[in-house]
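> So I've got this file, my_file.csv, and it contains CSV, C-alpha atoms and all ligand atoms:
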```
chain,number,residue,atom,x,y,z
A,12,MET,CA,-29.1,2.1,0.4
A,13,ALA,CA,-30.9,4.9,-1.5
A,14,ASP,CA,-32.0,4.8,-5.2
A,15,LEU,CA,-33.3,1.3,-5.2
A,16,GLY,CA,-35.3,2.0,-8.4
A,17,ASN,CA,-33.0,0.5,-10.9
A,18,PRO,CA,-32.4,-3.1,-12.0
A,19,GLN,CA,-28.9,-3.4,-10.4
A,20,GLN,CA,-29.9,-2.2,-6.9
A,21,THR,CA,-33.1,-4.3,-6.9
A,22,ILE,CA,-31.2,-7.4,-7.9
A,23,ALA,CA,-28.6,-6.7,-5.2
A,24,VAL,CA,-31.3,-6.5,-2.5
A,25,LEU,CA,-33.1,-9.6,-3.8
A,26,GLN,CA,-29.9,-11.6,-3.8
A,27,LYS,CA,-28.8,-10.4,-0.3
A,28,TYR,CA,-32.0,-11.7,1.2
A,29,GLN,CA,-32.5,-14.6,-1.3
A,30,PHE,CA,-35.9,-13.3,-1.9
A,31,ASN,CA,-38.3,-15.3,-4.1
A,32,PHE,CA,-41.1,-13.5,-5.8
A,33,GLN,CA,-44.6,-14.6,-4.8
A,34,LYS,CA,-46.9,-14.7,-7.7
A,35,LYS,CA,-50.0,-14.9,-5.4
A,36,TYR,CA,-49.1,-11.5,-4.0
A,37,GLY,CA,-48.9,-9.8,-7.4
A,38,GLN,CA,-45.3,-8.9,-6.9
A,39,ASN,CA,-43.9,-6.8,-9.8
A,40,PHE,CA,-41.3,-4.4,-8.5
A,41,LEU,CA,-40.7,-1.1,-10.2
A,42,ILE,CA,-37.2,-0.7,-11.6
A,43,ASP,CA,-37.5,2.5,-13.6
A,44,PRO,CA,-36.5,5.8,-11.9
A,45,ARG,CA,-38.5,7.9,-14.4
A,46,VAL,CA,-41.8,6.1,-13.6
A,47,LEU,CA,-41.1,6.4,-9.9
A,48,GLU,CA,-40.5,10.2,-10.4
A,49,LYS,CA,-43.8,10.5,-12.4
A,50,ILE,CA,-45.8,8.8,-9.6
A,51,ILE,CA,-44.4,11.0,-6.9
A,52,GLN,CA,-44.9,14.1,-8.9
A,53,SER,CA,-48.5,13.2,-9.8
A,54,ALA,CA,-49.3,12.4,-6.2
A,55,GLN,CA,-48.5,16.0,-5.3
A,56,ILE,CA,-47.2,15.2,-1.9
A,57,GLY,CA,-46.3,18.0,0.5
A,58,LYS,CA,-44.2,18.1,3.6
A,59,ASP,CA,-47.3,18.2,5.8
A,60,ASP,CA,-48.8,15.0,4.3
A,61,LEU,CA,-49.3,11.6,5.7
A,62,VAL,CA,-49.0,9.0,2.9
A,63,LEU,CA,-50.3,5.5,3.0
A,64,GLU,CA,-48.4,3.2,0.7
A,65,ILE,CA,-50.0,-0.2,-0.1
A,66,GLY,CA,-47.5,-3.0,-0.8
A,67,PRO,CA,-44.1,-1.3,-0.5
A,68,GLY,CA,-42.2,-4.4,-1.8
A,69,ILE,CA,-38.5,-3.8,-1.1
A,70,GLY,CA,-39.1,-0.1,-0.3
A,71,THR,CA,-38.2,1.4,-3.6
A,72,MET,CA,-41.0,4.0,-3.8
A,73,THR,CA,-41.2,4.1,0.0
A,74,GLN,CA,-37.8,5.8,0.1
A,75,MET,CA,-38.9,8.5,-2.3
A,76,LEU,CA,-42.2,9.0,-0.4
A,77,CYS,CA,-40.2,9.4,2.9
A,78,GLU,CA,-38.1,12.2,1.2
A,79,HIS,CA,-41.3,14.1,0.2
A,80,ALA,CA,-43.9,13.5,3.0
A,81,ARG,CA,-44.1,14.2,6.7
A,82,GLN,CA,-44.9,10.6,7.5
A,83,VAL,CA,-45.3,7.4,5.6
A,84,ILE,CA,-47.2,4.3,6.6
A,85,ALA,CA,-46.5,1.3,4.4
A,86,VAL,CA,-48.7,-1.8,4.7
A,87,GLU,CA,-47.1,-5.1,3.4
A,88,ILE,CA,-48.6,-8.6,3.5
A,89,ASP,CA,-45.5,-10.6,2.7
A,90,SER,CA,-43.6,-11.5,5.9
A,91,ALA,CA,-40.4,-12.1,3.8
A,92,LEU,CA,-40.3,-8.4,2.9
A,93,ILE,CA,-40.5,-7.0,6.4
A,94,PRO,CA,-36.8,-7.5,7.4
A,95,ILE,CA,-35.8,-6.2,3.9
A,96,LEU,CA,-37.9,-3.1,4.5
A,97,HIS,CA,-36.3,-2.5,7.9
A,98,ASP,CA,-32.9,-2.6,6.2
A,99,THR,CA,-33.7,-0.5,3.1
A,100,LEU,CA,-35.6,2.1,5.1
A,101,LYS,CA,-33.4,2.3,8.2
A,102,GLU,CA,-32.1,5.8,7.3
A,103,TYR,CA,-35.7,7.3,7.6
A,104,GLN,CA,-37.3,8.3,10.8
A,105,ASN,CA,-40.7,9.1,9.3
A,106,ILE,CA,-41.7,5.6,8.2
A,107,GLU,CA,-43.8,3.0,9.9
A,108,VAL,CA,-44.1,-0.5,8.3
A,109,ILE,CA,-47.2,-2.4,9.1
A,110,HIS,CA,-47.2,-6.2,8.4
A,111,LYS,CA,-50.9,-6.7,7.4
A,112,ASP,CA,-53.3,-7.5,4.6
A,113,ILE,CA,-54.5,-4.1,3.4
A,114,LEU,CA,-58.1,-5.5,2.9
A,115,LYS,CA,-58.2,-6.2,6.7
A,116,LEU,CA,-56.9,-2.7,7.7
A,117,ASP,CA,-59.4,-0.4,9.4
A,118,ILE,CA,-58.5,2.7,7.4
A,119,LEU,CA,-60.8,5.0,9.4
A,120,GLU,CA,-59.2,4.0,12.6
A,121,LEU,CA,-55.7,4.3,11.1
A,122,ILE,CA,-56.4,7.9,10.0
A,123,ARG,CA,-58.0,8.8,13.3
A,124,VAL,CA,-55.0,7.5,15.3
A,125,LYS,CA,-52.1,8.5,13.0
A,126,ASN,CA,-53.4,11.7,11.5
A,127,HIS,CA,-56.0,13.0,14.0
A,128,GLY,CA,-58.7,12.2,11.4
A,129,ARG,CA,-57.2,14.7,8.8
A,130,PRO,CA,-57.1,13.7,5.1
A,131,ILE,CA,-54.3,11.5,3.9
A,132,GLN,CA,-52.9,10.6,0.5
A,133,VAL,CA,-52.6,7.0,-0.8
A,134,VAL,CA,-49.9,6.1,-3.2
A,135,ALA,CA,-49.2,2.6,-4.5
A,136,ASN,CA,-48.0,0.3,-7.2
A,137,LEU,CA,-50.9,-2.0,-6.5
A,138,PRO,CA,-51.0,-5.8,-6.5
A,139,TYR,CA,-53.3,-6.3,-9.6
A,140,TYR,CA,-55.2,-9.3,-8.3
A,141,ILE,CA,-57.0,-7.0,-5.8
A,142,THR,CA,-57.0,-3.6,-7.4
A,143,THR,CA,-60.8,-3.1,-7.5
A,144,PRO,CA,-61.5,-4.2,-3.8
A,145,ILE,CA,-58.6,-2.0,-2.6
A,146,ILE,CA,-59.8,1.1,-4.5
A,147,MET,CA,-63.5,0.6,-3.8
A,148,GLY,CA,-62.8,-0.2,-0.2
A,149,LEU,CA,-60.9,3.1,0.2
A,150,LEU,CA,-63.7,5.1,-1.6
A,151,GLU,CA,-66.7,3.4,0.1
A,152,SER,CA,-65.2,3.6,3.6
A,153,HIS,CA,-65.9,7.4,3.3
A,154,ALA,CA,-62.5,7.8,5.0
A,155,PRO,CA,-60.8,11.2,4.6
A,156,VAL,CA,-58.5,10.3,1.6
A,157,GLU,CA,-57.7,13.3,-0.5
A,158,SER,CA,-56.2,11.5,-3.4
A,159,ILE,CA,-55.3,8.0,-4.6
A,160,THR,CA,-52.4,7.7,-7.0
A,161,VAL,CA,-51.8,4.2,-8.1
A,162,MET,CA,-50.3,1.9,-10.8
A,163,VAL,CA,-52.9,-0.5,-12.1
A,164,GLN,CA,-53.5,-2.7,-15.1
A,165,LYS,CA,-54.0,-0.5,-18.2
A,166,GLU,CA,-57.5,-1.8,-18.9
A,167,VAL,CA,-58.6,-1.1,-15.3
A,168,ALA,CA,-57.3,2.5,-15.5
A,169,GLN,CA,-59.3,2.9,-18.7
A,170,ARG,CA,-62.5,1.5,-17.1
A,171,MET,CA,-62.2,4.0,-14.3
A,172,GLN,CA,-61.8,7.0,-16.6
A,173,VAL,CA,-64.3,6.4,-19.4
A,174,GLY,CA,-67.8,7.7,-19.9
A,175,PRO,CA,-71.0,6.3,-21.4
A,176,GLY,CA,-71.2,4.6,-24.8
A,177,THR,CA,-67.8,3.0,-24.7
A,178,LYS,CA,-67.1,-0.7,-24.3
A,179,ASP,CA,-65.0,-0.1,-21.1
A,180,TYR,CA,-67.8,1.8,-19.4
A,181,GLY,CA,-69.3,0.0,-16.5
A,182,ALA,CA,-70.0,-0.3,-12.8
A,183,LEU,CA,-66.4,0.5,-11.9
A,184,SER,CA,-66.4,3.7,-14.0
A,185,LEU,CA,-69.6,5.0,-12.3
A,186,ALA,CA,-68.5,4.0,-8.8
A,187,VAL,CA,-65.1,5.7,-9.1
A,188,GLN,CA,-66.6,8.8,-10.7
A,189,TYR,CA,-69.2,9.1,-8.0
A,190,TYR,CA,-66.5,9.5,-5.4
A,191,ALA,CA,-63.5,11.0,-7.4
A,192,SER,CA,-62.3,12.5,-10.6
A,193,PRO,CA,-59.9,10.1,-12.3
A,194,GLN,CA,-57.0,11.1,-14.5
A,195,ILE,CA,-54.6,8.7,-16.2
A,196,VAL,CA,-51.2,10.3,-15.8
A,197,ALA,CA,-48.8,7.8,-17.4
A,198,HIS,CA,-48.8,4.6,-19.4
A,199,VAL,CA,-46.1,2.1,-18.2
A,200,PRO,CA,-44.8,-0.8,-20.3
A,201,PRO,CA,-43.9,-4.3,-18.8
A,202,ASN,CA,-40.2,-3.7,-19.0
A,203,CYS,CA,-40.3,-1.1,-16.2
A,204,PHE,CA,-41.0,-4.0,-13.7
A,205,MET,CA,-39.2,-7.0,-12.3
A,206,PRO,CA,-40.5,-9.6,-13.0
A,207,ARG,CA,-42.3,-8.2,-16.1
A,208,PRO,CA,-46.1,-8.4,-15.8
A,209,LYS,CA,-48.0,-10.0,-18.8
A,210,VAL,CA,-50.2,-6.8,-19.1
A,211,GLY,CA,-49.6,-3.1,-19.8
A,212,SER,CA,-49.9,-0.7,-16.8
A,213,ALA,CA,-51.0,2.8,-16.2
A,214,VAL,CA,-50.7,5.3,-13.4
A,215,ILE,CA,-54.1,6.9,-12.4
A,216,ARG,CA,-54.7,9.7,-10.0
A,217,LEU,CA,-58.2,9.8,-8.3
A,218,THR,CA,-58.9,13.1,-6.7
A,219,ARG,CA,-61.7,12.8,-4.3
A,220,HIS,CA,-64.7,15.0,-4.7
A,221,PRO,CA,-65.4,17.2,-1.6
A,222,LYS,CA,-69.0,15.9,-2.2
A,223,PRO,CA,-70.4,13.6,-4.8
A,224,PRO,CA,-71.4,15.3,-8.1
A,225,VAL,CA,-74.9,14.0,-7.9
A,226,GLU,CA,-77.4,14.0,-5.0
A,227,VAL,CA,-79.1,10.7,-4.2
A,228,ALA,CA,-81.6,9.9,-1.5
A,229,ASP,CA,-80.3,6.3,-1.2
A,230,GLU,CA,-76.7,5.6,-2.1
A,231,LYS,CA,-77.1,1.9,-1.6
A,232,LEU,CA,-80.0,1.8,-4.1
A,233,LEU,CA,-77.9,3.8,-6.6
A,234,PHE,CA,-75.2,1.2,-6.6
A,235,GLN,CA,-77.6,-1.7,-6.7
A,236,ILE,CA,-79.1,-0.2,-9.8
A,237,ILE,CA,-75.7,0.4,-11.4
A,238,ARG,CA,-74.5,-3.2,-10.7
A,239,ALA,CA,-77.8,-4.7,-11.9
A,240,SER,CA,-77.6,-2.7,-15.1
A,241,PHE,CA,-74.2,-3.9,-16.1
A,242,ASN,CA,-74.5,-7.5,-14.8
A,243,GLN,CA,-76.7,-8.2,-17.8
A,244,ARG,CA,-75.1,-5.9,-20.3
A,245,ARG,CA,-76.9,-7.1,-23.4
A,246,LYS,CA,-80.4,-6.8,-21.8
A,247,THR,CA,-82.4,-3.6,-21.8
A,248,LEU,CA,-82.2,-1.5,-18.7
A,249,ALA,CA,-85.7,-2.4,-17.7
A,250,ASN,CA,-85.2,-6.2,-18.0
A,251,GLY,CA,-81.8,-6.0,-16.4
A,252,LEU,CA,-83.2,-4.3,-13.3
A,253,SER,CA,-86.3,-6.3,-13.0
A,254,ASN,CA,-84.5,-9.6,-13.5
A,255,SER,CA,-81.8,-8.8,-11.0
A,256,GLY,CA,-83.9,-9.6,-7.9
A,257,THR,CA,-82.0,-6.8,-6.0
A,258,ILE,CA,-84.2,-3.8,-6.9
A,259,PRO,CA,-87.1,-3.5,-4.6
A,260,CYS,CA,-89.6,-2.3,-7.2
A,261,SER,CA,-92.0,-3.9,-9.7
A,262,LYS,CA,-91.3,-4.2,-13.4
A,263,GLU,CA,-94.1,-1.6,-14.1
A,264,GLU,CA,-92.5,0.9,-11.6
A,265,ILE,CA,-89.1,0.4,-13.2
A,266,GLU,CA,-90.5,1.0,-16.7
A,267,GLN,CA,-92.4,4.0,-15.5
A,268,ALA,CA,-89.3,5.5,-13.9
A,269,ILE,CA,-87.3,5.0,-17.1
A,270,GLU,CA,-90.0,6.6,-19.2
A,271,ASP,CA,-90.2,9.6,-16.7
A,272,LEU,CA,-86.6,10.2,-17.4
A,273,GLY,CA,-87.4,10.7,-21.1
A,274,LEU,CA,-85.6,7.5,-22.1
A,275,THR,CA,-86.9,4.9,-24.5
A,276,SER,CA,-88.2,1.6,-23.1
A,277,ASN,CA,-85.5,-0.4,-24.8
A,278,VAL,CA,-82.6,1.7,-23.6
A,279,ARG,CA,-79.5,-0.1,-22.2
A,280,GLY,CA,-77.7,0.8,-19.0
A,281,GLU,CA,-74.4,1.4,-20.8
A,282,VAL,CA,-75.6,4.7,-22.3
A,283,LEU,CA,-76.7,6.3,-19.1
A,284,THR,CA,-74.6,9.0,-17.4
A,285,LEU,CA,-74.1,9.1,-13.6
A,286,GLU,CA,-76.6,11.9,-13.5
A,287,GLN,CA,-79.2,9.7,-15.2
A,288,PHE,CA,-78.5,6.8,-12.9
A,289,ALA,CA,-78.9,9.2,-9.9
A,290,SER,CA,-82.3,10.4,-11.3
A,291,LEU,CA,-83.5,6.9,-11.8
A,292,SER,CA,-82.4,5.9,-8.3
A,293,ASN,CA,-84.2,8.9,-6.8
A,294,ARG,CA,-87.4,8.0,-8.7
A,295,LEU,CA,-87.3,4.3,-7.7
A,296,SER,CA,-86.5,5.2,-4.1
A,297,GLN,CA,-90.0,6.8,-3.9
A,298,PHE,CA,-91.6,3.4,-4.8
A,299,LYS,CA,-89.8,1.5,-2.1
B,301,LIG,N1,-44.2,-1.0,-4.2
B,301,LIG,C1,-43.3,-2.0,-4.7
B,301,LIG,C2,-42.7,-1.5,-6.0
B,301,LIG,O1,-43.3,-0.7,-6.7
B,301,LIG,O2,-41.7,-2.0,-6.4
B,301,LIG,C3,-44.0,-3.3,-4.9
B,301,LIG,C4,-45.3,-3.3,-5.8
B,301,LIG,S1,-45.9,-4.9,-6.1
B,301,LIG,C5,-46.8,-4.6,-7.6
B,301,LIG,C6,-47.3,-5.2,-5.0
B,301,LIG,C7,-46.9,-5.3,-3.5
B,301,LIG,O3,-48.1,-5.4,-2.7
B,301,LIG,C8,-46.0,-6.4,-3.1
B,301,LIG,O4,-45.0,-6.0,-2.3
B,301,LIG,C9,-46.9,-7.4,-2.5
B,301,LIG,O5,-46.3,-8.3,-1.6
B,301,LIG,C10,-47.9,-6.5,-1.8
B,301,LIG,N2,-49.2,-7.0,-1.5
B,301,LIG,C11,-49.9,-8.0,-2.2
B,301,LIG,N3,-51.1,-8.2,-1.6
B,301,LIG,C12,-51.2,-7.4,-0.5
B,301,LIG,C13,-52.2,-7.2,0.5
B,301,LIG,N4,-53.4,-7.8,0.5
B,301,LIG,N5,-51.9,-6.3,1.5
B,301,LIG,C14,-50.8,-5.6,1.5
B,301,LIG,N6,-49.8,-5.8,0.6
B,301,LIG,C15,-50.0,-6.6,-0.4
```
Starting from the file, give its structure as structure tokens.
Ligand code: SAM

Amino acid sequence: MADLGNPQQTIAVLQKYQFNFQKKYGQNFLIDPRVLEKIIQSAQIGKDDLVLEIGPGIGTMTQMLCEHARQVIAVEIDSALIPILHDTLKEYQNIEVIHKDILKLDILELIRVKNHGRPIQVVANLPYYITTPIIMGLLESHAPVESITVMVQKEVAQRMQVGPGTKDYGALSLAVQYYASPQIVAHVPPNCFMPRPKVGSAVIRLTRHPKPPVEVADEKLLFQIIRASFNQRRKTLANGLSNSGTIPCSKEEIEQAIEDLGLTSNVRGEVLTLEQFASLSNRLSQFK
């Protein structure tokens, strides 16, 4: 049962198993072969690679991943999809389906056991209701993940890729760019899915930096500062940080550190680059 990635084959599988879409799991299955090809090509998977697929659905992209990779591990939360996957993937020897919530998976342990701790690739058409926790979980775990190639809501892809001074720039942009270099590789309209999502989608590839582009003494403080700056977007940076209650410095110390960076006292967080946030974090860590 190869070539699931078209409307006819997908409908045939859904009917065979009388499958009902679960909205709560963000189920929008891909039915466009060109989009599937584009994802596989952008993921740059080689015959030596272990690929983790999050949310395989009925196994459409999984089949293609099995053709390109050495080994595929697919993690699916919906128990109704497990027997379907066993059927659609039965011709492949290099697949393991794990019935689990991806947010509860110990990724470091998985990579240690299944790939001797060597870097893996992540590929997915993500469930949109948990896009950010999945991506941030993968990045913050410091697990050896070389690249993450995923379908996400268009606006979320935009937020990950943009720089300072744009309306989409925020904590997600900075967090992603601290760990990886993002590149939107395709825009995908709703009619490429079944059922059609209400939003536009995009495929983004995050290529992990060998080491972060900035050096910080205290990574936790950097992200506290970034979050506090964007939580109160309309406030000045100094007010946002001192009102947040999460930055362990006085208002005077915060104002001094901002001035030391050569920024004006009424500057807003949304214009700072990652480098400037890192410098601010390093100054404030001295006051702690
Ligand atoms: N990969 C398939 C495709 O492209 O046709 C399905 C993609 S669909 C957008 C998202 C998939 O993620 C669904 O199969 C859904 O059941 C699964 N999923 C949702 N939440 C999950 C979770 N917490 N852990 C693992 N899988 C999840």
> Choose the residue, out of A:Thr142, A:Val62, A:His127, A:Arg81, that has the smallest atom-to-atom separation from ligand LIG 301 (chain B); count only C-alpha atoms and all ligand atoms.
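Checking each candidate against ligand LIG 301 (chain B), we get A:Thr142 as the closest.
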> Give the answer as one residue: which of A:Leu232, A:Val167, A:Ala154, A:Ala186 has the shortest atom-to-atom distance to A:Tyr140, using all atoms listed in the file?
A:Val167
> Hey, which of A:Ser53, A:Met205, A:Ala191, A:Arg45 ends up closest to ligand LIG 301 (chain B)? Count only C-alpha atoms and all ligand atoms.
A:Met205
> Please, what distance in Å, to one decimal, runs between atom CA of A:Ala80 and atom CA of A:Asp60?
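Spanning atom CA of A:Ala80 to atom CA of A:Asp60 is a straight-line distance of 5.3 Å.
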> Smallest atom-to-atom distance to ligand LIG 301 (chain B): which of A:Val24, A:Val210, A:Val163, A:Leu100, using all atoms listed in the file?
A:Val163
> Can you list, as a list of chain:residue names, every protein, DNA or RNA residue that comes within 8 Å of stretch 283-296 of chain A when you count all atoms listed in the file, leaving out same-chain residues fewer than 3 positions away?
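With the cut-off at 8 Å, the set is A:Gly174, A:Pro175, A:Leu185, A:Tyr189, A:Val225, A:Glu226, A:Val227, A:Ala228, A:Asp229, A:Leu232, A:Leu233, A:Ile236, A:Ile237, A:Cys260, A:Glu264, A:Ile265, A:Ala268, A:Ile269, A:Leu272, A:Arg279, A:Gly280, A:Lys299.
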> Measuring atom to atom with all atoms listed in the file, identify which of A:Arg129, A:His97, A:Lys35, A:Arg245 is nearest to ligand LIG 301 (chain B).
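Closest candidate: A:Lys35.
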> So that I can see what lies close to A:Leu41, please list as a PDB file with C-alpha atoms, in the frame of the given file the residues with an atom at most 10 Å from it, counting all atoms listed in the file and leaving out residues fewer than 5 positions away in the same chain.

```
ATOM      1  CA  LEU A  15     -33.300   1.300  -5.200  1.00  0.00           C
ATOM      2  CA  GLY A  16     -35.300   2.000  -8.400  1.00  0.00           C
ATOM      3  CA  ASN A  17     -33.000   0.500 -10.900  1.00  0.00           C
ATOM      4  CA  PRO A  18     -32.400  -3.100 -12.000  1.00  0.00           C
ATOM      5  CA  THR A  21     -33.100  -4.300  -6.900  1.00  0.00           C
ATOM      6  CA  VAL A  46     -41.800   6.100 -13.600  1.00  0.00           C
ATOM      7  CA  LEU A  47     -41.100   6.400  -9.900  1.00  0.00           C
ATOM      8  CA  GLY A  68     -42.200  -4.400  -1.800  1.00  0.00           C
ATOM      9  CA  ILE A  69     -38.500  -3.800  -1.100  1.00  0.00           C
ATOM     10  CA  THR A  71     -38.200   1.400  -3.600  1.00  0.00           C
ATOM     11  CA  MET A  72     -41.000   4.000  -3.800  1.00  0.00           C
ATOM     12  CA  ASN A 136     -48.000   0.300  -7.200  1.00  0.00           C
ATOM     13  CA  PRO A 201     -43.900  -4.300 -18.800  1.00  0.00           C
ATOM     14  CA  ASN A 202     -40.200  -3.700 -19.000  1.00  0.00           C
ATOM     15  CA  CYS A 203     -40.300  -1.100 -16.200  1.00  0.00           C
ATOM     16  CA  PHE A 204     -41.000  -4.000 -13.700  1.00  0.00           C
ATOM     17  CA  MET A 205     -39.200  -7.000 -12.300  1.00  0.00           C
ATOM     18  CA  PRO A 206     -40.500  -9.600 -13.000  1.00  0.00           C
ATOM     19  CA  ARG A 207     -42.300  -8.200 -16.100  1.00  0.00           C
TER      20      ARG A 207
END
```
> Calculated over only C-alpha atoms and all ligand atoms, which of the candidates A:Lys101, A:His79, A:Lys49, A:His110 has the smallest distance to ligand LIG 301 (chain B)?
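Once distances to ligand LIG 301 (chain B) are computed over only C-alpha atoms and all ligand atoms, the minimum belongs to A:His110.
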> Enter the distance from atom CA of A:Ile195 to atom CA of A:Gln19, in Å, rounded to one decimal.
29.0 Å
> If I put a ball of radius 12 Å at (-48.0, 11.7, -14.8) in the file's coordinates, which residues poke into it when counting all atoms listed in the file, written as a list in words?
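Residues found, by chain and rising number: Arg45, Val46, Leu47, Glu48, Lys49, Ile50, Ile51, Gln52, Ser53, Ala54, Gln55, Thr160, Val161, Met162, Gln194, Ile195, Val196, Ala197, His198, Val199, Ala213, Val214, Ile215 and Arg216 of chain A.
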> Could you state the separation of atom C9 of ligand LIG 301 (chain B) and atom CA of A:Val108 in Å, given to one decimal place?
13.1 Å
